[in-house]
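Chemist: Below is the structure I would like to discuss, written out as structure tokens.
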Amino acid sequence: MDTSTAIRVEGLRQRYGDFEAVAGISFEVRTGELFALLGTNGAGKTTTLEALEGHRAVHEGTVRVLGRDPHRERRAVRPRIGIMLQEGGFFADLTVAETVDHWRGFTPAPRGRDEAVALAGLTEKAGVRVRQLSGGQKRRLDLALALLGRPAVLFLDEPTAGMDPEARHTTWKIVRDVVASGATVVLTTHYLEEAERLADRLAILHRGRIKTSGTVGDVVAGYGDRISFQLPGRVRVAELPALGGARADITVDGGRTVASYTVTGTGLQAGLYDLLRWAEEERVPLDGLQARSASLEDVFLRTAAEGTTR
């Protein structure tokens, strides 16, 4: 078995009747990395996760988790994986500690109760009933249960939904520590900042197909850097300069007319230089001037837009 690859997906197709939810995707997740699977609603993320977790038989293609078919060899695979679903099923009247004890009874060689509770940052809530927890605290309890068996592969489905910023950052640290310990993590999230901060590599799904994949740097490369400013009142659009060969896109934001440029390659610094020189020569202000590198959000929104215009 190739121990350098924790998950291998080749030509995966999944259907619901005549609808093909996953249309022949292939990717690998290396041992000890965090792989983010992103996509628009209905892109096929949940269906792909269900196949990886062994909950769904593969219609076409192959899926291997730790070298085994997670559906046909579930008894061998299940003890070595942890799953954090979007919504956990808890007994509302049990305390946090009682909930962990209950789940420990189903988990081979589980962590100790106190260790699991502390891992999720819920030590002070150990005696509190689950129904009294906030949404973010319930998500952290979900995470504690997913980590009970020290899984080799951990699936996280929207792990920080409902959390405040402080709790989200705490959860990110827990996930980083899990990866640092050698575990492999597959993450789905709608928080693109989360993927940017945590993922070693990622793939973006749309309409059942992988549109782009790689490191965050690989994925955003070629999508261009952004320069924008409020269009000066006395300047006509036709009078705006071209920056690095790019013309301005004009939008209206909050009643303000904004000029935006997308420059590729190493054009950000040169574009800014040309813009500032033009503004000085024309003696016009550049209110709201912003310059930033392309982001994962830019790629995600472009992917979604391209999918709707085909």
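Simple scheme: letters A, B, ... for chains in structure tokens order, numbers from 1 for residues in each chain, numbers from 1 for ligands in the order shown.
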Hey, which bits of range 188-230 of chain A sit within 10 Å of range 39-60 of chain A, and for each residue what's the closest pair of atoms and how far apart in Å (one decimal), counting only C-alpha atoms, rows by chain and increasing number, as JSON lines?
Modeler:
{"residue": "A:Thr188", "atom": "CA", "partner": "A:Lys45", "partner_atom": "CA", "distance": 7.4}
{"residue": "A:Thr189", "atom": "CA", "partner": "A:Gly39", "partner_atom": "CA", "distance": 8.6}
{"residue": "A:His190", "atom": "CA", "partner": "A:Gly39", "partner_atom": "CA", "distance": 8.0}
{"residue": "A:Ala203", "atom": "CA", "partner": "A:Gly39", "partner_atom": "CA", "distance": 8.2}
{"residue": "A:Ile204", "atom": "CA", "partner": "A:Gly39", "partner_atom": "CA", "distance": 5.2}
{"residue": "A:Leu205", "atom": "CA", "partner": "A:Gly39", "partner_atom": "CA", "distance": 4.6}
{"residue": "A:His206", "atom": "CA", "partner": "A:Ala43", "partner_atom": "CA", "distance": 4.6}
{"residue": "A:Arg207", "atom": "CA", "partner": "A:Ala43", "partner_atom": "CA", "distance": 4.6}
{"residue": "A:Gly208", "atom": "CA", "partner": "A:Gly44", "partner_atom": "CA", "distance": 5.1}
{"residue": "A:Arg209", "atom": "CA", "partner": "A:Ala43", "partner_atom": "CA", "distance": 7.7}
{"residue": "A:Ile210", "atom": "CA", "partner": "A:Gly39", "partner_atom": "CA", "distance": 8.9}
{"residue": "A:Lys211", "atom": "CA", "partner": "A:Gly39", "partner_atom": "CA", "distance": 9.4}
Chemist: Considering only C-alpha atoms, tabulate each residue of range 165-203 of chain A that lies at most 10 Å from range 284-306 of chain A along with its nearest interatomic pair and the corresponding distance in Å to one decimal; arrange the rows by chain and ascending residue number and present them as CSV.
Modeler:
residue,atom,partner,partner_atom,distance
A:Tyr191,CA,A:Glu297,CA,9.4
A:Leu192,CA,A:Glu297,CA,6.4
A:Glu193,CA,A:Leu296,CA,8.0
A:Ala195,CA,A:Leu296,CA,8.5
A:Glu196,CA,A:Leu296,CA,7.0
Chemist: Just the selected residues (C-alpha atoms), exported as a short mmCIF file (atom, residue, chain, number, x, y, z; two decimals), in the first residue's frame, please.
Modeler:
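Below is the file that was written, selection-v4.cif:
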data_model
loop_
_atom_site.label_atom_id
_atom_site.label_comp_id
_atom_site.auth_asym_id
_atom_site.auth_seq_id
_atom_site.Cartn_x
_atom_site.Cartn_y
_atom_site.Cartn_z
CA TYR A 191 -15.58 30.29 4.82
CA LEU A 192 -12.97 30.83 2.13
CA GLU A 193 -10.64 32.49 4.64
CA ALA A 195 -9.55 27.29 3.48
CA GLU A 196 -6.88 29.90 2.73
#
Chemist: Between CA of Phe155 in chain A and CA of Ala6 in chain A, what is the spacing in Å?
Modeler: 12.2 Å
Chemist: Can you pull out every residue within 8 Å of Thr107 in chain A, counting only C-alpha atoms, but drop anything in the same chain fewer than 5 positions away, and send it as a ChimeraX atom specification?
Modeler: /A:79,148-149
Chemist: Please return as a PyMOL selection string: the residues of range 55-156 of chain A that backbone DSSP assigns to alpha helix (DSSP H).
Modeler: chain A and resi 74-77+96-104+113-119+135-146
Chemist: Generate the output file for the selected residues, C-alpha atoms, as a PDB file, in the first residue's frame.
Modeler:
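Result went into part10.pdb, see below:
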ATOM      1  CA  ARG A  74     -16.150  -0.325   6.104  1.00  0.00           C
ATOM      2  CA  ARG A  75     -15.348  -2.448   9.162  1.00  0.00           C
ATOM      3  CA  ALA A  76     -11.644  -2.040   8.453  1.00  0.00           C
ATOM      4  CA  VAL A  77     -11.802   1.649   7.542  1.00  0.00           C
ATOM      5  CA  VAL A  96     -21.061  17.443  27.791  1.00  0.00           C
ATOM      6  CA  ALA A  97     -19.142  14.915  29.905  1.00  0.00           C
ATOM      7  CA  GLU A  98     -21.957  12.362  29.710  1.00  0.00           C
ATOM      8  CA  THR A  99     -22.128  12.795  25.931  1.00  0.00           C
ATOM      9  CA  VAL A 100     -18.415  12.108  25.583  1.00  0.00           C
ATOM     10  CA  ASP A 101     -18.709   9.050  27.856  1.00  0.00           C
ATOM     11  CA  HIS A 102     -21.610   7.775  25.735  1.00  0.00           C
ATOM     12  CA  TRP A 103     -19.591   8.078  22.515  1.00  0.00           C
ATOM     13  CA  ARG A 104     -16.488   6.565  24.113  1.00  0.00           C
ATOM     14  CA  ARG A 113     -13.110  11.926  28.705  1.00  0.00           C
ATOM     15  CA  ASP A 114     -11.259  14.842  30.271  1.00  0.00           C
ATOM     16  CA  GLU A 115      -8.743  14.930  27.413  1.00  0.00           C
ATOM     17  CA  ALA A 116     -11.495  14.995  24.795  1.00  0.00           C
ATOM     18  CA  VAL A 117     -13.433  17.733  26.581  1.00  0.00           C
ATOM     19  CA  ALA A 118     -10.301  19.836  27.036  1.00  0.00           C
ATOM     20  CA  LEU A 119      -9.307  19.348  23.402  1.00  0.00           C
ATOM     21  CA  GLY A 135     -24.312  26.676  18.444  1.00  0.00           C
ATOM     22  CA  GLY A 136     -20.544  27.150  18.352  1.00  0.00           C
ATOM     23  CA  GLN A 137     -20.045  25.098  21.522  1.00  0.00           C
ATOM     24  CA  LYS A 138     -22.068  22.256  20.035  1.00  0.00           C
ATOM     25  CA  ARG A 139     -19.819  22.332  16.974  1.00  0.00           C
ATOM     26  CA  ARG A 140     -16.759  22.039  19.221  1.00  0.00           C
ATOM     27  CA  LEU A 141     -18.379  19.078  20.978  1.00  0.00           C
ATOM     28  CA  ASP A 142     -18.915  17.560  17.523  1.00  0.00           C
ATOM     29  CA  LEU A 143     -15.205  17.991  16.871  1.00  0.00           C
ATOM     30  CA  ALA A 144     -14.259  16.396  20.196  1.00  0.00           C
ATOM     31  CA  LEU A 145     -16.327  13.319  19.333  1.00  0.00           C
ATOM     32  CA  ALA A 146     -14.792  13.102  15.851  1.00  0.00           C
TER      33      ALA A 146
END
Chemist: Considering only C-alpha atoms, state which residue in the set A:Leu275, A:Gln230, A:Thr212, A:Ala270 is at the smallest distance from Asp253 in chain A.
Modeler: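 When distances to Asp253 in chain A are compared using only C-alpha atoms, the smallest one comes from A:Gln230.
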Chemist: From range 87-201 of chain A, collect each residue whose DSSP state is strand (DSSP E or B) and return the set as a short mmCIF file (atom, residue, chain, number, x, y, z; two decimals) with all heavy atoms, in the first residue's frame.
Modeler:
data_model
loop_
_atom_site.label_atom_id
_atom_site.label_comp_id
_atom_site.auth_asym_id
_atom_site.auth_seq_id
_atom_site.Cartn_x
_atom_site.Cartn_y
_atom_site.Cartn_z
N THR A 95 -25.20 15.88 29.76
CA THR A 95 -24.17 16.91 29.88
C THR A 95 -23.08 16.65 28.84
O THR A 95 -23.05 15.60 28.19
CB THR A 95 -23.53 16.90 31.28
OG1 THR A 95 -22.80 15.66 31.44
CG2 THR A 95 -24.58 17.04 32.37
N ARG A 129 -25.67 20.81 30.36
CA ARG A 129 -26.46 19.99 29.43
C ARG A 129 -26.30 20.51 28.00
O ARG A 129 -26.16 21.71 27.78
CB ARG A 129 -27.93 20.00 29.84
CG ARG A 129 -28.17 19.40 31.22
CD ARG A 129 -29.64 19.21 31.50
NE ARG A 129 -29.86 18.83 32.90
CZ ARG A 129 -29.68 17.60 33.37
NH1 ARG A 129 -29.32 16.62 32.55
NH2 ARG A 129 -29.88 17.33 34.65
N VAL A 153 -7.55 9.62 9.45
CA VAL A 153 -8.18 10.52 8.48
C VAL A 153 -9.40 11.15 9.15
O VAL A 153 -10.24 10.45 9.72
CB VAL A 153 -8.62 9.78 7.20
CG1 VAL A 153 -9.35 10.73 6.25
CG2 VAL A 153 -7.41 9.17 6.50
N LEU A 154 -9.47 12.47 9.08
CA LEU A 154 -10.56 13.21 9.71
C LEU A 154 -11.33 13.99 8.65
O LEU A 154 -10.74 14.74 7.87
CB LEU A 154 -10.00 14.18 10.75
CG LEU A 154 -10.98 15.12 11.46
CD1 LEU A 154 -11.97 14.32 12.31
CD2 LEU A 154 -10.21 16.12 12.33
N PHE A 155 -12.65 13.81 8.61
CA PHE A 155 -13.52 14.54 7.68
C PHE A 155 -14.25 15.63 8.45
O PHE A 155 -14.97 15.34 9.42
CB PHE A 155 -14.53 13.60 7.03
CG PHE A 155 -13.90 12.54 6.15
CD1 PHE A 155 -13.68 11.26 6.62
CD2 PHE A 155 -13.50 12.85 4.86
CE1 PHE A 155 -13.09 10.29 5.83
CE2 PHE A 155 -12.90 11.89 4.05
CZ PHE A 155 -12.70 10.61 4.53
N LEU A 156 -14.08 16.87 8.02
CA LEU A 156 -14.70 18.02 8.68
C LEU A 156 -15.65 18.70 7.69
O LEU A 156 -15.20 19.28 6.70
CB LEU A 156 -13.63 19.02 9.14
CG LEU A 156 -12.58 18.51 10.13
CD1 LEU A 156 -11.57 19.60 10.43
CD2 LEU A 156 -13.25 18.01 11.40
N ASP A 157 -16.94 18.64 7.98
CA ASP A 157 -17.95 19.23 7.10
C ASP A 157 -18.48 20.50 7.76
O ASP A 157 -19.22 20.45 8.73
CB ASP A 157 -19.09 18.22 6.90
CG ASP A 157 -19.97 18.58 5.70
OD1 ASP A 157 -19.72 19.62 5.06
OD2 ASP A 157 -20.91 17.82 5.41
N THR A 184 -4.51 13.08 8.49
CA THR A 184 -4.94 13.65 7.22
C THR A 184 -6.34 14.22 7.42
O THR A 184 -7.19 13.57 8.03
CB THR A 184 -4.98 12.56 6.13
OG1 THR A 184 -3.67 11.98 6.02
CG2 THR A 184 -5.40 13.14 4.79
N VAL A 185 -6.57 15.44 6.92
CA VAL A 185 -7.86 16.10 7.12
C VAL A 185 -8.45 16.50 5.78
O VAL A 185 -7.76 17.08 4.93
CB VAL A 185 -7.73 17.34 8.02
CG1 VAL A 185 -9.07 18.06 8.16
CG2 VAL A 185 -7.18 16.95 9.39
N VAL A 186 -9.74 16.18 5.59
CA VAL A 186 -10.50 16.66 4.44
C VAL A 186 -11.55 17.63 4.97
O VAL A 186 -12.36 17.27 5.83
CB VAL A 186 -11.17 15.51 3.67
CG1 VAL A 186 -12.01 16.06 2.51
CG2 VAL A 186 -10.11 14.55 3.14
N LEU A 187 -11.51 18.84 4.46
CA LEU A 187 -12.35 19.93 4.97
C LEU A 187 -13.28 20.45 3.89
O LEU A 187 -12.86 20.67 2.75
CB LEU A 187 -11.44 21.08 5.44
CG LEU A 187 -12.08 22.44 5.69
CD1 LEU A 187 -12.85 22.43 7.02
CD2 LEU A 187 -11.02 23.54 5.72
N THR A 188 -14.55 20.63 4.23
CA THR A 188 -15.44 21.42 3.38
C THR A 188 -15.86 22.63 4.19
O THR A 188 -16.10 22.53 5.40
CB THR A 188 -16.70 20.64 2.94
OG1 THR A 188 -17.56 20.43 4.07
CG2 THR A 188 -16.35 19.32 2.31
N ARG A 201 -3.58 21.96 0.24
CA ARG A 201 -4.06 21.97 -1.14
C ARG A 201 -5.58 21.98 -1.13
O ARG A 201 -6.21 21.69 -0.10
CB ARG A 201 -3.55 20.75 -1.92
CG ARG A 201 -2.05 20.73 -2.14
CD ARG A 201 -1.60 19.58 -3.04
NE ARG A 201 -2.06 18.32 -2.53
CZ ARG A 201 -2.86 17.48 -3.20
NH1 ARG A 201 -3.31 17.79 -4.41
NH2 ARG A 201 -3.23 16.33 -2.66
#
Chemist: Using only C-alpha atoms, determine which residues lie at most 7 Å from range 62-65 of chain A, disregarding the query and same-chain residues fewer than 4 positions distant; provide the list as a PyMOL selection string.
Modeler: chain A and resi 6-12+52+69-70
Chemist: Using the selection just defined, write its residues with all heavy atoms as a tab-separated table (two decimals), in the first residue's frame.
Modeler:
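The result, written out as out-v8.tsv:
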chain	number	residue	atom	x	y	z
A	6	ALA	N	-3.17	9.11	1.40
A	6	ALA	CA	-4.22	8.65	2.32
A	6	ALA	C	-5.53	8.40	1.59
A	6	ALA	O	-6.29	7.50	1.95
A	6	ALA	CB	-4.43	9.68	3.43
A	7	ILE	N	-5.81	9.22	0.57
A	7	ILE	CA	-7.07	9.10	-0.17
A	7	ILE	C	-6.77	9.21	-1.66
A	7	ILE	O	-6.02	10.07	-2.10
A	7	ILE	CB	-8.06	10.23	0.23
A	7	ILE	CG1	-8.46	10.08	1.70
A	7	ILE	CG2	-9.29	10.23	-0.66
A	7	ILE	CD1	-9.26	11.24	2.23
A	8	ARG	N	-7.37	8.29	-2.43
A	8	ARG	CA	-7.24	8.35	-3.89
A	8	ARG	C	-8.63	8.20	-4.51
A	8	ARG	O	-9.35	7.25	-4.22
A	8	ARG	CB	-6.31	7.25	-4.40
A	8	ARG	CG	-6.20	7.24	-5.93
A	8	ARG	CD	-5.19	6.23	-6.43
A	8	ARG	NE	-3.82	6.67	-6.17
A	8	ARG	CZ	-3.00	6.13	-5.29
A	8	ARG	NH1	-3.43	5.11	-4.56
A	8	ARG	NH2	-1.78	6.58	-5.12
A	9	VAL	N	-8.98	9.16	-5.36
A	9	VAL	CA	-10.26	9.15	-6.07
A	9	VAL	C	-9.97	9.19	-7.56
A	9	VAL	O	-9.24	10.07	-8.02
A	9	VAL	CB	-11.14	10.36	-5.67
A	9	VAL	CG1	-12.44	10.38	-6.47
A	9	VAL	CG2	-11.42	10.34	-4.16
A	10	GLU	N	-10.52	8.24	-8.30
A	10	GLU	CA	-10.28	8.17	-9.75
A	10	GLU	C	-11.60	7.99	-10.48
A	10	GLU	O	-12.29	6.98	-10.30
A	10	GLU	CB	-9.33	7.01	-10.08
A	10	GLU	CG	-7.94	7.15	-9.48
A	10	GLU	CD	-7.05	5.96	-9.81
A	10	GLU	OE1	-7.56	4.96	-10.35
A	10	GLU	OE2	-5.83	6.04	-9.50
A	11	GLY	N	-11.94	8.98	-11.30
A	11	GLY	CA	-13.12	8.89	-12.16
A	11	GLY	C	-14.43	8.70	-11.42
A	11	GLY	O	-15.33	8.02	-11.93
A	12	LEU	N	-14.56	9.31	-10.26
A	12	LEU	CA	-15.76	9.13	-9.44
A	12	LEU	C	-16.99	9.76	-10.10
A	12	LEU	O	-16.99	10.94	-10.44
A	12	LEU	CB	-15.57	9.74	-8.05
A	12	LEU	CG	-16.80	9.73	-7.13
A	12	LEU	CD1	-17.24	8.31	-6.82
A	12	LEU	CD2	-16.50	10.51	-5.85
A	52	LEU	N	-16.44	9.04	0.27
A	52	LEU	CA	-15.18	8.88	0.98
A	52	LEU	C	-15.39	8.28	2.36
A	52	LEU	O	-14.56	7.49	2.84
A	52	LEU	CB	-14.49	10.25	1.11
A	52	LEU	CG	-14.00	10.92	-0.17
A	52	LEU	CD1	-13.43	12.29	0.15
A	52	LEU	CD2	-12.96	10.06	-0.87
A	69	ASP	N	-11.41	0.19	0.11
A	69	ASP	CA	-12.71	0.70	-0.32
A	69	ASP	C	-13.52	1.03	0.93
A	69	ASP	O	-13.86	0.12	1.71
A	69	ASP	CB	-13.43	-0.37	-1.15
A	69	ASP	CG	-14.75	0.11	-1.72
A	69	ASP	OD1	-15.50	0.81	-1.00
A	69	ASP	OD2	-15.05	-0.24	-2.88
A	70	PRO	N	-13.84	2.31	1.17
A	70	PRO	CA	-14.49	2.67	2.44
A	70	PRO	C	-15.91	2.14	2.59
A	70	PRO	O	-16.43	2.09	3.70
A	70	PRO	CB	-14.46	4.20	2.41
A	70	PRO	CG	-14.42	4.55	0.96
A	70	PRO	CD	-13.60	3.48	0.31
Chemist: Quick one: everything within 7 Å of Tyr261 in chain A, counting only C-alpha atoms, minus sequence neighbours fewer than 4 positions away in the same chain. Send it as JSON, numbers by chain.
Modeler: {"A": [226, 227, 228, 246, 247, 248, 249]}
Chemist: Give me the residues within 10 Å of range 179-182 of chain A as a VMD selection string, counting only C-alpha atoms and dropping any in the same chain fewer than 6 places off.
Modeler: chain A and resid 31 to 34 150 to 154 173 198
Chemist: Please provide as a CSV table (one decimal) with all heavy atoms, in the first residue's frame all residues within 9 Å of Val263 in chain A, with the sequence filter that same-chain residues fewer than 6 positions apart are discarded (counting only C-alpha atoms).
Modeler:
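File selection-v5.csv, as written:
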chain,number,residue,atom,x,y,z
A,223,TYR,N,-5.2,34.7,-11.9
A,223,TYR,CA,-6.5,35.4,-11.8
A,223,TYR,C,-6.3,36.9,-11.6
A,223,TYR,O,-7.3,37.6,-11.6
A,223,TYR,CB,-7.3,34.8,-10.6
A,223,TYR,CG,-8.1,33.6,-11.0
A,223,TYR,CD1,-7.5,32.3,-11.1
A,223,TYR,CD2,-9.4,33.6,-11.4
A,223,TYR,CE1,-8.1,31.2,-11.5
A,223,TYR,CE2,-10.1,32.5,-11.8
A,223,TYR,CZ,-9.5,31.3,-11.8
A,223,TYR,OH,-10.1,30.2,-12.2
A,224,GLY,N,-5.1,37.3,-11.5
A,224,GLY,CA,-4.8,38.7,-11.6
A,224,GLY,C,-4.9,39.4,-10.2
A,224,GLY,O,-5.7,39.0,-9.4
A,225,ASP,N,-4.1,40.5,-10.1
A,225,ASP,CA,-4.2,41.4,-8.9
A,225,ASP,C,-5.2,42.5,-9.2
A,225,ASP,O,-5.5,42.8,-10.4
A,225,ASP,CB,-2.9,41.9,-8.6
A,225,ASP,CG,-1.9,40.8,-8.2
A,225,ASP,OD1,-2.2,39.9,-7.5
A,225,ASP,OD2,-0.7,40.9,-8.7
A,226,ARG,N,-5.7,43.2,-8.2
A,226,ARG,CA,-6.8,44.1,-8.3
A,226,ARG,C,-6.3,45.5,-7.9
A,226,ARG,O,-5.7,45.7,-6.8
A,226,ARG,CB,-8.0,43.8,-7.5
A,226,ARG,CG,-8.5,42.4,-7.7
A,226,ARG,CD,-9.1,42.2,-9.1
A,226,ARG,NE,-9.9,41.0,-9.3
A,226,ARG,CZ,-9.4,39.9,-9.6
A,226,ARG,NH1,-8.1,39.8,-9.9
A,226,ARG,NH2,-10.2,38.8,-9.8
A,227,ILE,N,-6.6,46.5,-8.7
A,227,ILE,CA,-6.4,47.9,-8.4
A,227,ILE,C,-7.8,48.6,-8.6
A,227,ILE,O,-8.4,48.4,-9.6
A,227,ILE,CB,-5.4,48.6,-9.3
A,227,ILE,CG1,-4.0,47.9,-9.1
A,227,ILE,CG2,-5.3,50.1,-9.0
A,227,ILE,CD1,-3.0,48.4,-10.1
A,243,LEU,N,-3.7,50.0,-17.7
A,243,LEU,CA,-2.7,49.6,-16.8
A,243,LEU,C,-2.2,48.2,-17.1
A,243,LEU,O,-3.0,47.3,-17.0
A,243,LEU,CB,-3.2,49.7,-15.3
A,243,LEU,CG,-3.7,51.0,-14.8
A,243,LEU,CD1,-4.1,50.9,-13.4
A,243,LEU,CD2,-2.7,52.1,-15.0
A,244,GLY,N,-1.0,48.1,-17.5
A,244,GLY,CA,-0.5,46.8,-17.9
A,244,GLY,C,-1.3,46.2,-19.1
A,244,GLY,O,-1.5,45.0,-19.1
A,245,GLY,N,-1.8,47.0,-19.9
A,245,GLY,CA,-2.7,46.6,-21.0
A,245,GLY,C,-4.1,46.3,-20.7
A,245,GLY,O,-4.9,46.0,-21.5
A,246,ALA,N,-4.5,46.5,-19.4
A,246,ALA,CA,-5.9,46.3,-18.9
A,246,ALA,C,-6.6,47.6,-18.9
A,246,ALA,O,-6.1,48.6,-18.5
A,246,ALA,CB,-5.9,45.6,-17.6
A,271,GLY,N,1.6,48.6,-12.6
A,271,GLY,CA,0.3,49.3,-12.8
A,271,GLY,C,0.0,50.4,-11.8
A,271,GLY,O,-0.5,51.5,-12.2
Chemist: Mind giving me the straight-line distance from CA of Glu280 in chain A to CA of Leu268 in chain A in Å, one decimal?
Modeler: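 Computing the Euclidean distance for CA of Glu280 in chain A and CA of Leu268 in chain A yields 18.3 Å.
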Chemist: Out of A:Arg234, A:Arg176, A:Arg15, A:Arg68, which residue has the shortest atom-to-atom distance to Arg283 in chain A when counting only C-alpha atoms?
Modeler: A:Arg234
Chemist: Can you work out the spacing between CA of Phe27 in chain A and CA of Thr5 in chain A in Å, to one decimal?
Modeler: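 Computing it gives 10.6 Å between the two atoms.
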